[in-house]
file work_18.tsv (TSV, C-alpha atoms)
chain	number	residue	atom	x	y	z
A	1	MET	CA	0.00	0.00	0.00
A	2	LYS	CA	1.22	3.48	-0.84
A	3	LYS	CA	2.74	5.26	2.13
A	4	ARG	CA	1.48	8.75	2.82
A	5	ASN	CA	2.02	11.26	5.63
A	6	SER	CA	-0.85	13.73	5.79
A	7	VAL	CA	-1.66	16.86	7.76
A	8	PHE	CA	-5.21	18.04	8.49
A	9	ILE	CA	-5.17	21.17	10.60
A	10	ALA	CA	-6.80	24.55	11.12
A	11	THR	CA	-4.89	27.81	11.39
A	12	SER	CA	-5.77	31.44	11.80
A	13	LEU	CA	-5.44	33.72	8.78
A	14	ASP	CA	-2.03	34.71	10.12
A	15	GLY	CA	-0.91	31.10	10.40
A	16	TYR	CA	-1.28	30.31	14.09
A	17	ILE	CA	-2.60	27.06	15.54
A	18	ALA	CA	-3.03	28.51	19.04
A	19	ASP	CA	-3.38	32.09	20.23
A	20	LYS	CA	-0.98	34.06	22.43
A	21	ASN	CA	-2.31	32.30	25.54
A	22	GLY	CA	-2.28	28.85	23.94
A	23	GLY	CA	-6.05	29.07	23.49
A	24	ILE	CA	-8.03	27.55	20.63
A	25	ASP	CA	-11.50	28.94	21.35
A	26	TRP	CA	-11.23	31.07	18.20
A	27	LEU	CA	-11.34	27.84	16.16
A	28	HIS	CA	-15.04	27.68	16.97
A	29	ARG	CA	-15.89	31.38	16.79
A	30	ILE	CA	-17.63	31.08	13.43
A	31	PRO	CA	-21.10	29.63	13.97
A	32	ASN	CA	-21.48	26.06	12.70
A	33	PRO	CA	-25.13	25.34	13.55
A	34	ASN	CA	-25.21	21.99	11.75
A	35	ASN	CA	-21.84	20.92	13.07
A	36	ILE	CA	-20.41	20.21	9.63
A	37	ASP	CA	-17.06	18.46	9.92
A	38	MET	CA	-15.37	20.25	7.00
A	39	GLY	CA	-14.06	17.02	5.52
A	40	TYR	CA	-12.58	15.59	8.73
A	41	GLY	CA	-14.59	12.35	8.61
A	42	GLU	CA	-13.66	11.70	5.00
A	43	PHE	CA	-10.01	12.48	5.77
A	44	ILE	CA	-9.91	10.13	8.77
A	45	SER	CA	-11.58	7.34	6.76
A	46	GLN	CA	-8.55	7.40	4.48
A	47	ILE	CA	-5.84	7.09	7.10
A	48	ASP	CA	-4.58	4.07	9.02
A	49	ALA	CA	-3.06	5.65	12.12
A	50	ILE	CA	-2.30	8.94	13.82
A	51	ILE	CA	1.13	10.18	14.87
A	52	MET	CA	1.16	12.98	17.41
A	53	GLY	CA	3.61	14.56	19.79
A	54	ARG	CA	3.58	14.19	23.54
A	55	THR	CA	2.17	17.69	24.06
A	56	THR	CA	-0.85	17.02	21.87
A	57	PHE	CA	-1.33	13.60	23.45
A	58	GLU	CA	-1.22	14.95	27.01
A	59	THR	CA	-3.59	17.77	26.04
A	60	VAL	CA	-6.10	15.27	24.67
A	61	CYS	CA	-5.67	13.03	27.75
A	62	GLY	CA	-6.49	16.07	29.89
A	63	PHE	CA	-9.81	16.74	28.13
A	64	ASP	CA	-12.84	15.55	30.05
A	65	ILE	CA	-14.15	13.62	27.06
A	66	ASP	CA	-14.21	10.06	25.75
A	67	TRP	CA	-11.06	9.09	23.83
A	68	PRO	CA	-11.74	10.82	20.51
A	69	TYR	CA	-9.70	8.67	18.11
A	70	LYS	CA	-11.02	5.64	16.26
A	71	LYS	CA	-7.64	4.89	14.68
A	72	GLN	CA	-4.42	3.64	16.23
A	73	VAL	CA	-2.49	6.50	17.85
A	74	PHE	CA	1.31	6.64	18.05
A	75	VAL	CA	2.82	9.18	20.41
A	76	LEU	CA	6.30	10.52	19.65
A	77	SER	CA	8.14	10.84	22.91
A	78	ASN	CA	11.67	10.30	24.10
A	79	LYS	CA	10.50	11.26	27.60
A	80	LEU	CA	7.46	9.07	28.24
A	81	ASN	CA	8.11	5.36	28.60
A	82	LYS	CA	4.54	4.21	28.79
A	83	VAL	CA	1.11	5.71	28.29
A	84	PRO	CA	-0.59	6.95	31.47
A	85	GLU	CA	-3.06	4.71	33.33
A	86	GLY	CA	-6.44	4.85	31.65
A	87	PHE	CA	-4.98	5.28	28.17
A	88	LYS	CA	-3.44	1.82	27.75
A	89	GLY	CA	-4.44	0.22	24.49
A	90	LYS	CA	-5.48	3.58	23.13
A	91	ALA	CA	-2.05	4.89	22.27
A	92	GLU	CA	1.46	3.57	21.92
A	93	ILE	CA	4.71	5.44	22.63
A	94	VAL	CA	7.28	5.45	19.82
A	95	LYS	CA	10.93	6.54	20.09
A	96	GLY	CA	13.86	7.15	17.77
A	97	THR	CA	14.46	9.14	14.64
A	98	LEU	CA	11.45	9.86	12.46
A	99	THR	CA	12.70	7.41	9.85
A	100	GLU	CA	13.11	4.67	12.46
A	101	ILE	CA	9.67	5.42	13.87
A	102	LEU	CA	8.04	5.40	10.44
A	103	ASN	CA	9.65	2.07	9.59
A	104	LYS	CA	8.36	0.53	12.84
A	105	ILE	CA	4.86	1.82	12.10
A	106	TYR	CA	4.95	0.54	8.50
A	107	GLN	CA	6.02	-2.89	9.78
A	108	LYS	CA	2.90	-2.94	11.93
A	109	GLY	CA	0.83	-2.47	8.76
A	110	PHE	CA	-0.03	1.23	9.02
A	111	HIS	CA	0.87	3.19	5.88
A	112	ARG	CA	-1.42	6.17	5.55
A	113	LEU	CA	-0.54	8.35	8.53
A	114	TYR	CA	-2.15	11.46	9.98
A	115	ILE	CA	0.61	13.67	11.36
A	116	ASP	CA	-0.87	15.90	14.06
A	117	GLY	CA	0.30	18.61	16.44
A	118	GLY	CA	2.38	21.68	15.71
A	119	ALA	CA	5.79	20.46	16.85
A	120	THR	CA	5.32	17.07	15.18
A	121	ILE	CA	4.28	18.62	11.86
A	122	GLN	CA	7.27	20.96	12.02
A	123	SER	CA	9.69	18.10	12.69
A	124	PHE	CA	8.26	16.07	9.79
A	125	LEU	CA	8.52	19.10	7.46
A	126	LYS	CA	12.14	19.69	8.47
A	127	GLU	CA	12.89	16.22	7.08
A	128	ASP	CA	10.60	16.66	4.07
A	129	LEU	CA	8.35	13.84	5.26
A	130	ILE	CA	4.95	15.42	4.60
A	131	ASP	CA	3.11	14.40	1.42
A	132	ASP	CA	-0.06	16.41	1.70
A	133	MET	CA	-1.68	19.03	3.90
A	134	VAL	CA	-5.32	20.05	4.28
A	135	ILE	CA	-5.20	23.49	5.85
A	136	THR	CA	-8.44	25.04	7.05
A	137	THR	CA	-8.05	28.78	7.44
A	138	ILE	CA	-10.20	30.36	10.12
A	139	PRO	CA	-10.33	33.94	8.80
A	140	ILE	CA	-9.22	35.67	11.98
A	141	LEU	CA	-6.02	37.65	12.44
A	142	LEU	CA	-4.87	36.70	15.94
A	143	GLY	CA	-1.80	38.92	15.87
A	144	GLY	CA	0.37	36.35	17.63
A	145	GLY	CA	0.47	32.79	18.94
A	146	SER	CA	2.01	29.44	18.04
A	147	PRO	CA	2.74	29.28	14.31
A	148	LEU	CA	2.00	26.16	12.28
A	149	PHE	CA	5.18	26.53	10.24
A	150	SER	CA	8.73	27.14	11.36
A	151	GLU	CA	12.26	27.27	9.98
A	152	LEU	CA	13.25	24.73	7.35
A	153	PRO	CA	16.64	23.60	6.09
A	154	GLU	CA	15.37	23.90	2.51
A	155	GLU	CA	12.37	25.26	0.63
A	156	LEU	CA	9.57	22.78	-0.12
A	157	ASP	CA	7.32	23.07	-3.16
A	158	PHE	CA	3.67	22.10	-2.92
A	159	ALA	CA	0.67	22.54	-5.23
A	160	CYS	CA	-2.80	23.59	-4.18
A	161	THR	CA	-5.08	20.97	-5.72
A	162	LYS	CA	-8.43	21.81	-4.14
A	163	SER	CA	-10.04	24.74	-2.40
A	164	LYS	CA	-13.43	24.96	-0.75
A	165	ILE	CA	-15.29	27.57	1.30
A	166	TYR	CA	-17.30	26.38	4.32
A	167	LEU	CA	-19.89	28.34	6.33
A	168	ASN	CA	-19.47	31.25	3.86
A	169	LYS	CA	-16.33	32.28	5.73
A	170	VAL	CA	-13.81	29.51	6.27
A	171	VAL	CA	-11.54	28.36	3.43
A	172	GLN	CA	-9.95	24.96	3.22
A	173	ASN	CA	-7.02	24.44	0.85
A	174	HIS	CA	-5.44	21.10	-0.08
A	175	PHE	CA	-1.70	21.10	-0.74
A	176	VAL	CA	0.27	18.22	-2.23
A	177	ARG	CA	4.08	17.95	-2.11
A	178	MET	CA	5.67	18.31	-5.55
A	179	LYS	CA	9.02	16.54	-5.98
B	1	MET	CA	-18.29	57.07	-3.04
B	2	LYS	CA	-17.71	54.27	-0.61
B	3	LYS	CA	-14.27	54.33	0.93
B	4	ARG	CA	-12.34	51.08	0.84
B	5	ASN	CA	-8.79	50.09	1.74
B	6	SER	CA	-7.76	46.93	-0.10
B	7	VAL	CA	-4.77	44.61	-0.11
B	8	PHE	CA	-3.73	42.51	-3.11
B	9	ILE	CA	-0.59	40.55	-2.34
B	10	ALA	CA	1.13	37.21	-2.79
B	11	THR	CA	2.64	35.22	0.05
B	12	SER	CA	4.38	31.89	0.41
B	13	LEU	CA	2.44	29.02	1.99
B	14	ASP	CA	4.15	29.91	5.27
B	15	GLY	CA	3.06	33.54	5.01
B	16	TYR	CA	6.18	35.34	3.81
B	17	ILE	CA	6.26	38.15	1.24
B	18	ALA	CA	10.04	37.92	0.77
B	19	ASP	CA	12.47	35.11	1.46
B	20	LYS	CA	15.32	35.07	4.01
B	21	ASN	CA	17.50	37.14	1.67
B	22	GLY	CA	14.73	39.60	0.79
B	23	GLY	CA	14.31	37.83	-2.56
B	24	ILE	CA	11.04	37.41	-4.44
B	25	ASP	CA	12.14	35.14	-7.29
B	26	TRP	CA	10.05	32.34	-5.79
B	27	LEU	CA	6.94	34.38	-6.69
B	28	HIS	CA	7.54	33.38	-10.29
B	29	ARG	CA	8.75	29.83	-9.78
B	30	ILE	CA	5.48	28.28	-10.95
B	31	PRO	CA	5.36	28.38	-14.75
B	32	ASN	CA	2.84	30.88	-16.11
B	33	PRO	CA	3.27	30.42	-19.88
B	34	ASN	CA	0.33	32.65	-20.81
B	35	ASN	CA	1.22	35.30	-18.27
B	36	ILE	CA	-2.19	35.26	-16.63
B	37	ASP	CA	-2.49	38.14	-14.16
B	38	MET	CA	-4.50	36.25	-11.53
B	39	GLY	CA	-7.04	39.02	-11.18
B	40	TYR	CA	-4.59	41.91	-10.81
B	41	GLY	CA	-5.97	43.90	-13.75
B	42	GLU	CA	-9.53	43.57	-12.53
B	43	PHE	CA	-8.45	44.54	-9.02
B	44	ILE	CA	-6.55	47.63	-10.21
B	45	SER	CA	-9.50	48.70	-12.38
B	46	GLN	CA	-11.53	49.02	-9.19
B	47	ILE	CA	-9.17	51.21	-7.20
B	48	ASP	CA	-8.50	54.94	-7.39
B	49	ALA	CA	-5.01	55.21	-5.93
B	50	ILE	CA	-2.17	53.26	-4.37
B	51	ILE	CA	-0.65	53.85	-0.94
B	52	MET	CA	2.75	52.32	-0.39
B	53	GLY	CA	5.63	52.70	2.04
B	54	ARG	CA	8.96	54.29	1.29
B	55	THR	CA	10.73	50.92	1.08
B	56	THR	CA	8.37	49.61	-1.59
B	57	PHE	CA	8.55	52.93	-3.46
B	58	GLU	CA	12.35	53.01	-3.46
B	59	THR	CA	12.45	49.36	-4.53
B	60	VAL	CA	10.19	50.09	-7.50
B	61	CYS	CA	12.22	53.24	-8.36
B	62	GLY	CA	15.31	51.04	-8.44
B	63	PHE	CA	13.86	48.60	-11.01
B	64	ASP	CA	15.13	49.16	-14.54
B	65	ILE	CA	11.59	49.30	-15.92
B	66	ASP	CA	9.04	51.89	-16.98
B	67	TRP	CA	6.96	53.26	-14.09
B	68	PRO	CA	4.53	50.37	-13.57
B	69	TYR	CA	1.54	52.16	-12.03
B	70	LYS	CA	-1.34	53.64	-13.97
B	71	LYS	CA	-3.02	55.02	-10.84
B	72	GLN	CA	-1.99	57.83	-8.55
B	73	VAL	CA	0.64	56.67	-6.03
B	74	PHE	CA	0.97	58.06	-2.50
B	75	VAL	CA	4.15	57.24	-0.63
B	76	LEU	CA	4.01	57.14	3.18
B	77	SER	CA	7.19	58.67	4.47
B	78	ASN	CA	8.17	60.87	7.35
B	79	LYS	CA	11.74	60.81	6.04
B	80	LEU	CA	11.42	61.77	2.36
B	81	ASN	CA	10.39	65.35	1.65
B	82	LYS	CA	10.04	65.04	-2.10
B	83	VAL	CA	10.07	62.28	-4.66
B	84	PRO	CA	13.44	61.66	-6.33
B	85	GLU	CA	14.26	63.29	-9.69
B	86	GLY	CA	12.69	61.32	-12.51
B	87	PHE	CA	9.66	60.31	-10.43
B	88	LYS	CA	8.00	63.73	-10.14
B	89	GLY	CA	4.34	63.60	-11.09
B	90	LYS	CA	4.34	59.85	-10.67
B	91	ALA	CA	4.15	59.73	-6.91
B	92	GLU	CA	3.40	62.08	-4.04
B	93	ILE	CA	4.83	61.94	-0.51
B	94	VAL	CA	2.28	61.94	2.33
B	95	LYS	CA	3.01	62.47	6.02
B	96	GLY	CA	1.18	62.26	9.33
B	97	THR	CA	-0.95	59.70	11.07
B	98	LEU	CA	-2.76	57.19	8.89
B	99	THR	CA	-6.09	58.88	9.64
B	100	GLU	CA	-4.70	62.29	8.66
B	101	ILE	CA	-3.19	60.83	5.49
B	102	LEU	CA	-6.41	59.06	4.53
B	103	ASN	CA	-8.43	62.24	5.03
B	104	LYS	CA	-6.02	64.19	2.78
B	105	ILE	CA	-6.30	61.51	0.10
B	106	TYR	CA	-10.11	61.39	0.34
B	107	GLN	CA	-10.19	65.19	-0.06
B	108	LYS	CA	-8.31	64.79	-3.32
B	109	GLY	CA	-11.10	62.53	-4.54
B	110	PHE	CA	-9.48	59.11	-4.13
B	111	HIS	CA	-11.62	56.69	-2.12
B	112	ARG	CA	-10.84	53.13	-3.17
B	113	LEU	CA	-7.25	52.61	-2.08
B	114	TYR	CA	-4.78	49.83	-2.76
B	115	ILE	CA	-2.60	49.44	0.34
B	116	ASP	CA	0.71	47.89	-0.71
B	117	GLY	CA	3.98	46.82	0.90
B	118	GLY	CA	4.51	44.70	4.00
B	119	ALA	CA	5.18	47.44	6.56
B	120	THR	CA	2.33	49.60	5.23
B	121	ILE	CA	-0.18	46.76	5.33
B	122	GLN	CA	0.91	45.92	8.88
B	123	SER	CA	0.51	49.52	10.03
B	124	PHE	CA	-2.97	49.73	8.49
B	125	LEU	CA	-3.98	46.43	10.13
B	126	LYS	CA	-2.75	47.62	13.52
B	127	GLU	CA	-5.32	50.43	13.26
B	128	ASP	CA	-8.00	48.15	11.77
B	129	LEU	CA	-8.00	50.15	8.54
B	130	ILE	CA	-8.08	47.27	6.03
B	131	ASP	CA	-11.46	46.36	4.50
B	132	ASP	CA	-10.52	43.52	2.19
B	133	MET	CA	-7.52	41.42	1.23
B	134	VAL	CA	-6.87	39.29	-1.84
B	135	ILE	CA	-4.11	36.91	-0.81
B	136	THR	CA	-2.49	34.78	-3.48
B	137	THR	CA	-0.71	31.83	-1.89
B	138	ILE	CA	2.32	30.57	-3.79
B	139	PRO	CA	2.45	26.98	-2.47
B	140	ILE	CA	6.07	27.01	-1.37
B	141	LEU	CA	7.31	26.67	2.20
B	142	LEU	CA	10.22	29.12	2.37
B	143	GLY	CA	11.06	28.35	5.98
B	144	GLY	CA	11.76	31.98	6.84
B	145	GLY	CA	11.64	35.52	5.50
B	146	SER	CA	9.58	38.68	5.92
B	147	PRO	CA	6.09	37.83	7.15
B	148	LEU	CA	3.00	39.53	5.73
B	149	PHE	CA	1.32	39.71	9.13
B	150	SER	CA	2.67	40.89	12.45
B	151	GLU	CA	1.52	41.66	15.98
B	152	LEU	CA	-1.84	43.32	16.44
B	153	PRO	CA	-3.36	45.14	19.40
B	154	GLU	CA	-6.58	43.18	18.90
B	155	GLU	CA	-7.88	40.24	16.90
B	156	LEU	CA	-9.58	41.06	13.59
B	157	ASP	CA	-12.35	38.91	12.09
B	158	PHE	CA	-12.57	38.45	8.33
B	159	ALA	CA	-14.61	36.15	6.07
B	160	CYS	CA	-13.31	34.30	3.05
B	161	THR	CA	-15.78	35.17	0.31
B	162	LYS	CA	-14.08	33.72	-2.75
B	163	SER	CA	-11.39	31.19	-3.53
B	164	LYS	CA	-9.84	30.28	-6.87
B	165	ILE	CA	-7.01	28.04	-8.01
B	166	TYR	CA	-4.69	29.33	-10.76
B	167	LEU	CA	-2.16	27.36	-12.82
B	168	ASN	CA	-3.34	24.17	-11.05
B	169	LYS	CA	-1.15	25.10	-8.08
B	170	VAL	CA	-1.64	28.62	-6.79
B	171	VAL	CA	-4.64	29.50	-4.63
B	172	GLN	CA	-6.09	32.96	-4.27
B	173	ASN	CA	-8.43	33.69	-1.37
B	174	HIS	CA	-10.50	36.84	-0.89
B	175	PHE	CA	-11.05	38.04	2.67
B	176	VAL	CA	-13.48	40.77	3.75
B	177	ARG	CA	-13.38	42.46	7.17
B	178	MET	CA	-16.40	41.57	9.34
B	179	LYS	CA	-17.36	44.20	11.90
call {"tool": "encode", "arguments": {"input": "work_18.tsv", "output": "structure tokens"}}
result
Amino acid sequence: MKKRNSVFIATSLDGYIADKNGGIDWLHRIPNPNNIDMGYGEFISQIDAIIMGRTTFETVCGFDIDWPYKKQVFVLSNKLNKVPEGFKGKAEIVKGTLTEILNKIYQKGFHRLYIDGGATIQSFLKEDLIDDMVITTIPILLGGGSPLFSELPEELDFACTKSKIYLNKVVQNHFVRMK
Amino acid sequence: MKKRNSVFIATSLDGYIADKNGGIDWLHRIPNPNNIDMGYGEFISQIDAIIMGRTTFETVCGFDIDWPYKKQVFVLSNKLNKVPEGFKGKAEIVKGTLTEILNKIYQKGFHRLYIDGGATIQSFLKEDLIDDMVITTIPILLGGGSPLFSELPEELDFACTKSKIYLNKVVQNHFVRMK
């Protein structure tokens, strides 16, 4: 099966994934009365597993909600040795270089991977390991926060292959890596 | 006539208007064999005058090309007192606060203004003086450079009203300020 590392994330118009205080309330500022998922369900149906960083994992563990993922979750962490009590079987810790980690995950039969969390996406991009990105732009200028993108050792060319407006305000653009 | 301050600018996928070395060659990296203007002509036809900063003005003056603007140009500068020899009649220096400058320009009969140049756009956004932005995203991650957006005293809500893909790769999104 073809291997693919995909991003599906929302940013502000100025490219932040969290505001100056780490908040993400602005993600839901635009009314969505029918709770449309803006393609998330379709995206998830086409991936085999999720790779996220420890920060994202611990944030999700801290939410007072049922475990939200229906796919296998791998947590990148050189610090954690095991998942916290209550999350066993839901997520698995992986260690090593990204290439080593990816090879381990491929050997387990997962090939189409959802790469989630700001730091994790940045580390994959630094090694040119992202194949496609669905970026949903919430049209708010936050004026500061945690940026989705960071420094790169080399420029990376993508192509925008699809663009769609949701809720008359939000735009979602699909980018595919061009090599 | 209705007053309107508009932006029409291209950025990289990571939000830069110039690369780490100040270069803009990447703007033209995607082949455009028929030289389509991606809406620039239509945009310009709907504005009365251009406001740009001194840096943008001096950059354009330095190009070995005919004066590229067919509309009145106002140059924001508290440093320049007059336009350089050879550019008289092409551009006019304006000084003062943005509100004072806008009032002077309105009095001259110009109401639909094209706000151009990174620093100028940022200063207008800081005072919530931008009504709409056409942002053309060149799908390249530069990994650093001069960002289009900067810090703001308060968040600003926009809506994406139109999105179009050009050359099968470039996406152009139209944002309108929501108050």
call {"tool": "calpha_fit_and_write", "arguments": {"input": "work_18.tsv", "fixed": "chain B", "moving": "chain A", "output": "short mmCIF file (atom, residue, chain, number, x, y, z; two decimals) with C-alpha atoms, in the coordinates of the input"}}
result
data_model
loop_
_atom_site.label_atom_id
_atom_site.label_comp_id
_atom_site.auth_asym_id
_atom_site.auth_seq_id
_atom_site.Cartn_x
_atom_site.Cartn_y
_atom_site.Cartn_z
CA MET A 1 -18.29 57.09 -3.07
CA LYS A 2 -17.72 54.27 -0.62
CA LYS A 3 -14.27 54.32 0.92
CA ARG A 4 -12.34 51.08 0.83
CA ASN A 5 -8.78 50.09 1.73
CA SER A 6 -7.76 46.93 -0.11
CA VAL A 7 -4.77 44.61 -0.11
CA PHE A 8 -3.73 42.50 -3.11
CA ILE A 9 -0.59 40.55 -2.34
CA ALA A 10 1.13 37.20 -2.78
CA THR A 11 2.65 35.21 0.06
CA SER A 12 4.39 31.89 0.41
CA LEU A 13 2.46 29.02 1.99
CA ASP A 14 4.15 29.92 5.27
CA GLY A 15 3.07 33.54 5.02
CA TYR A 16 6.18 35.34 3.81
CA ILE A 17 6.26 38.14 1.25
CA ALA A 18 10.04 37.93 0.78
CA ASP A 19 12.49 35.12 1.48
CA LYS A 20 15.32 35.08 4.02
CA ASN A 21 17.51 37.16 1.69
CA GLY A 22 14.72 39.59 0.80
CA GLY A 23 14.30 37.83 -2.55
CA ILE A 24 11.04 37.41 -4.44
CA ASP A 25 12.15 35.15 -7.29
CA TRP A 26 10.05 32.34 -5.80
CA LEU A 27 6.94 34.38 -6.68
CA HIS A 28 7.54 33.40 -10.29
CA ARG A 29 8.75 29.84 -9.78
CA ILE A 30 5.49 28.29 -10.95
CA PRO A 31 5.37 28.41 -14.75
CA ASN A 32 2.83 30.90 -16.11
CA PRO A 33 3.27 30.44 -19.88
CA ASN A 34 0.33 32.67 -20.80
CA ASN A 35 1.23 35.32 -18.26
CA ILE A 36 -2.19 35.29 -16.62
CA ASP A 37 -2.51 38.16 -14.17
CA MET A 38 -4.50 36.26 -11.52
CA GLY A 39 -7.06 39.03 -11.17
CA TYR A 40 -4.60 41.91 -10.81
CA GLY A 41 -5.98 43.90 -13.76
CA GLU A 42 -9.54 43.58 -12.53
CA PHE A 43 -8.46 44.55 -9.01
CA ILE A 44 -6.56 47.63 -10.21
CA SER A 45 -9.52 48.72 -12.38
CA GLN A 46 -11.54 49.03 -9.19
CA ILE A 47 -9.17 51.21 -7.21
CA ASP A 48 -8.50 54.94 -7.38
CA ALA A 49 -5.00 55.22 -5.94
CA ILE A 50 -2.17 53.26 -4.38
CA ILE A 51 -0.65 53.84 -0.96
CA MET A 52 2.76 52.31 -0.38
CA GLY A 53 5.61 52.69 2.04
CA ARG A 54 8.94 54.28 1.28
CA THR A 55 10.71 50.92 1.09
CA THR A 56 8.37 49.61 -1.58
CA PHE A 57 8.53 52.91 -3.45
CA GLU A 58 12.33 53.01 -3.47
CA THR A 59 12.45 49.35 -4.54
CA VAL A 60 10.18 50.09 -7.50
CA CYS A 61 12.19 53.23 -8.36
CA GLY A 62 15.30 51.04 -8.43
CA PHE A 63 13.85 48.61 -10.99
CA ASP A 64 15.11 49.15 -14.51
CA ILE A 65 11.59 49.29 -15.90
CA ASP A 66 9.03 51.88 -16.96
CA TRP A 67 6.96 53.25 -14.06
CA PRO A 68 4.52 50.37 -13.56
CA TYR A 69 1.53 52.17 -12.02
CA LYS A 70 -1.35 53.64 -13.98
CA LYS A 71 -3.02 55.02 -10.85
CA GLN A 72 -1.99 57.84 -8.55
CA VAL A 73 0.63 56.66 -6.05
CA PHE A 74 0.96 58.05 -2.51
CA VAL A 75 4.13 57.24 -0.63
CA LEU A 76 4.02 57.14 3.17
CA SER A 77 7.20 58.67 4.46
CA ASN A 78 8.17 60.87 7.35
CA LYS A 79 11.75 60.80 6.03
CA LEU A 80 11.44 61.76 2.36
CA ASN A 81 10.39 65.32 1.64
CA LYS A 82 10.05 65.03 -2.09
CA VAL A 83 10.08 62.27 -4.67
CA PRO A 84 13.45 61.65 -6.34
CA GLU A 85 14.27 63.29 -9.69
CA GLY A 86 12.69 61.32 -12.50
CA PHE A 87 9.67 60.31 -10.44
CA LYS A 88 8.01 63.72 -10.13
CA GLY A 89 4.36 63.60 -11.07
CA LYS A 90 4.35 59.86 -10.67
CA ALA A 91 4.13 59.73 -6.90
CA GLU A 92 3.38 62.07 -4.05
CA ILE A 93 4.82 61.93 -0.52
CA VAL A 94 2.28 61.93 2.32
CA LYS A 95 3.02 62.46 6.03
CA GLY A 96 1.17 62.25 9.33
CA THR A 97 -0.96 59.69 11.07
CA LEU A 98 -2.77 57.19 8.88
CA THR A 99 -6.09 58.87 9.62
CA GLU A 100 -4.70 62.28 8.64
CA ILE A 101 -3.19 60.82 5.49
CA LEU A 102 -6.40 59.05 4.53
CA ASN A 103 -8.41 62.23 5.02
CA LYS A 104 -6.02 64.18 2.77
CA ILE A 105 -6.29 61.50 0.09
CA TYR A 106 -10.11 61.40 0.32
CA GLN A 107 -10.19 65.19 -0.07
CA LYS A 108 -8.29 64.80 -3.32
CA GLY A 109 -11.09 62.52 -4.56
CA PHE A 110 -9.48 59.11 -4.14
CA HIS A 111 -11.62 56.68 -2.13
CA ARG A 112 -10.85 53.14 -3.18
CA LEU A 113 -7.25 52.62 -2.10
CA TYR A 114 -4.77 49.83 -2.76
CA ILE A 115 -2.59 49.44 0.32
CA ASP A 116 0.71 47.89 -0.72
CA GLY A 117 3.97 46.81 0.90
CA GLY A 118 4.50 44.71 3.99
CA ALA A 119 5.17 47.43 6.55
CA THR A 120 2.33 49.60 5.23
CA ILE A 121 -0.18 46.74 5.33
CA GLN A 122 0.92 45.91 8.87
CA SER A 123 0.51 49.51 10.03
CA PHE A 124 -2.97 49.73 8.48
CA LEU A 125 -3.98 46.42 10.13
CA LYS A 126 -2.74 47.62 13.52
CA GLU A 127 -5.32 50.42 13.26
CA ASP A 128 -7.99 48.14 11.77
CA LEU A 129 -8.00 50.13 8.53
CA ILE A 130 -8.09 47.26 6.03
CA ASP A 131 -11.46 46.36 4.50
CA ASP A 132 -10.51 43.53 2.20
CA MET A 133 -7.52 41.41 1.24
CA VAL A 134 -6.87 39.29 -1.84
CA ILE A 135 -4.11 36.91 -0.81
CA THR A 136 -2.49 34.77 -3.47
CA THR A 137 -0.71 31.83 -1.90
CA ILE A 138 2.32 30.58 -3.78
CA PRO A 139 2.45 27.00 -2.47
CA ILE A 140 6.07 27.01 -1.36
CA LEU A 141 7.32 26.67 2.20
CA LEU A 142 10.23 29.12 2.37
CA GLY A 143 11.07 28.35 5.99
CA GLY A 144 11.77 31.98 6.83
CA GLY A 145 11.64 35.53 5.50
CA SER A 146 9.58 38.69 5.92
CA PRO A 147 6.08 37.82 7.15
CA LEU A 148 3.01 39.53 5.73
CA PHE A 149 1.33 39.72 9.13
CA SER A 150 2.68 40.91 12.44
CA GLU A 151 1.53 41.66 15.98
CA LEU A 152 -1.84 43.32 16.45
CA PRO A 153 -3.36 45.14 19.41
CA GLU A 154 -6.59 43.18 18.91
CA GLU A 155 -7.88 40.23 16.91
CA LEU A 156 -9.58 41.05 13.59
CA ASP A 157 -12.33 38.92 12.10
CA PHE A 158 -12.56 38.46 8.35
CA ALA A 159 -14.60 36.15 6.09
CA CYS A 160 -13.31 34.30 3.07
CA THR A 161 -15.77 35.17 0.31
CA LYS A 162 -14.07 33.72 -2.76
CA SER A 163 -11.39 31.19 -3.53
CA LYS A 164 -9.85 30.29 -6.86
CA ILE A 165 -7.01 28.04 -8.02
CA TYR A 166 -4.71 29.34 -10.78
CA LEU A 167 -2.17 27.36 -12.83
CA ASN A 168 -3.34 24.17 -11.05
CA LYS A 169 -1.15 25.11 -8.09
CA VAL A 170 -1.64 28.63 -6.79
CA VAL A 171 -4.65 29.50 -4.63
CA GLN A 172 -6.10 32.96 -4.28
CA ASN A 173 -8.42 33.70 -1.36
CA HIS A 174 -10.51 36.85 -0.89
CA PHE A 175 -11.04 38.04 2.68
CA VAL A 176 -13.46 40.75 3.76
CA ARG A 177 -13.37 42.46 7.18
CA MET A 178 -16.38 41.57 9.33
CA LYS A 179 -17.37 44.21 11.90
#
call {"tool": "closest_residue", "arguments": {"input": "work_18.tsv", "among": "B:Val83, B:Leu27, B:Leu13, B:Ile93", "to": "chain A", "atoms": "all atoms listed in the file"}}
result
B:Leu13
call {"tool": "closest_residue", "arguments": {"input": "work_18.tsv", "among": "A:Leu113, A:Val170, A:Ile121, A:Val94", "to": "Ile47 (chain A)", "atoms": "all atoms listed in the file"}}
result
A:Leu113
call {"tool": "closest_residue", "arguments": {"input": "work_18.tsv", "among": "B:Asn78, B:Ile140, B:Ala91, B:Gln172", "to": "chain A", "atoms": "only C-alpha atoms"}}
result
B:Ile140
call {"tool": "closest_residue", "arguments": {"input": "work_18.tsv", "among": "A:Asn32, A:Asn21, A:Ser12, A:Ser6", "to": "chain B", "atoms": "only C-alpha atoms"}}
result
A:Ser12
call {"tool": "residues_near_point", "arguments": {"input": "work_18.tsv", "point": "(12.2, 50.4, 6.2)", "cutoff": "8 Å", "atoms": "all atoms listed in the file", "output": "MDAnalysis selection string"}}
result
chainID B and resid 54:55 119
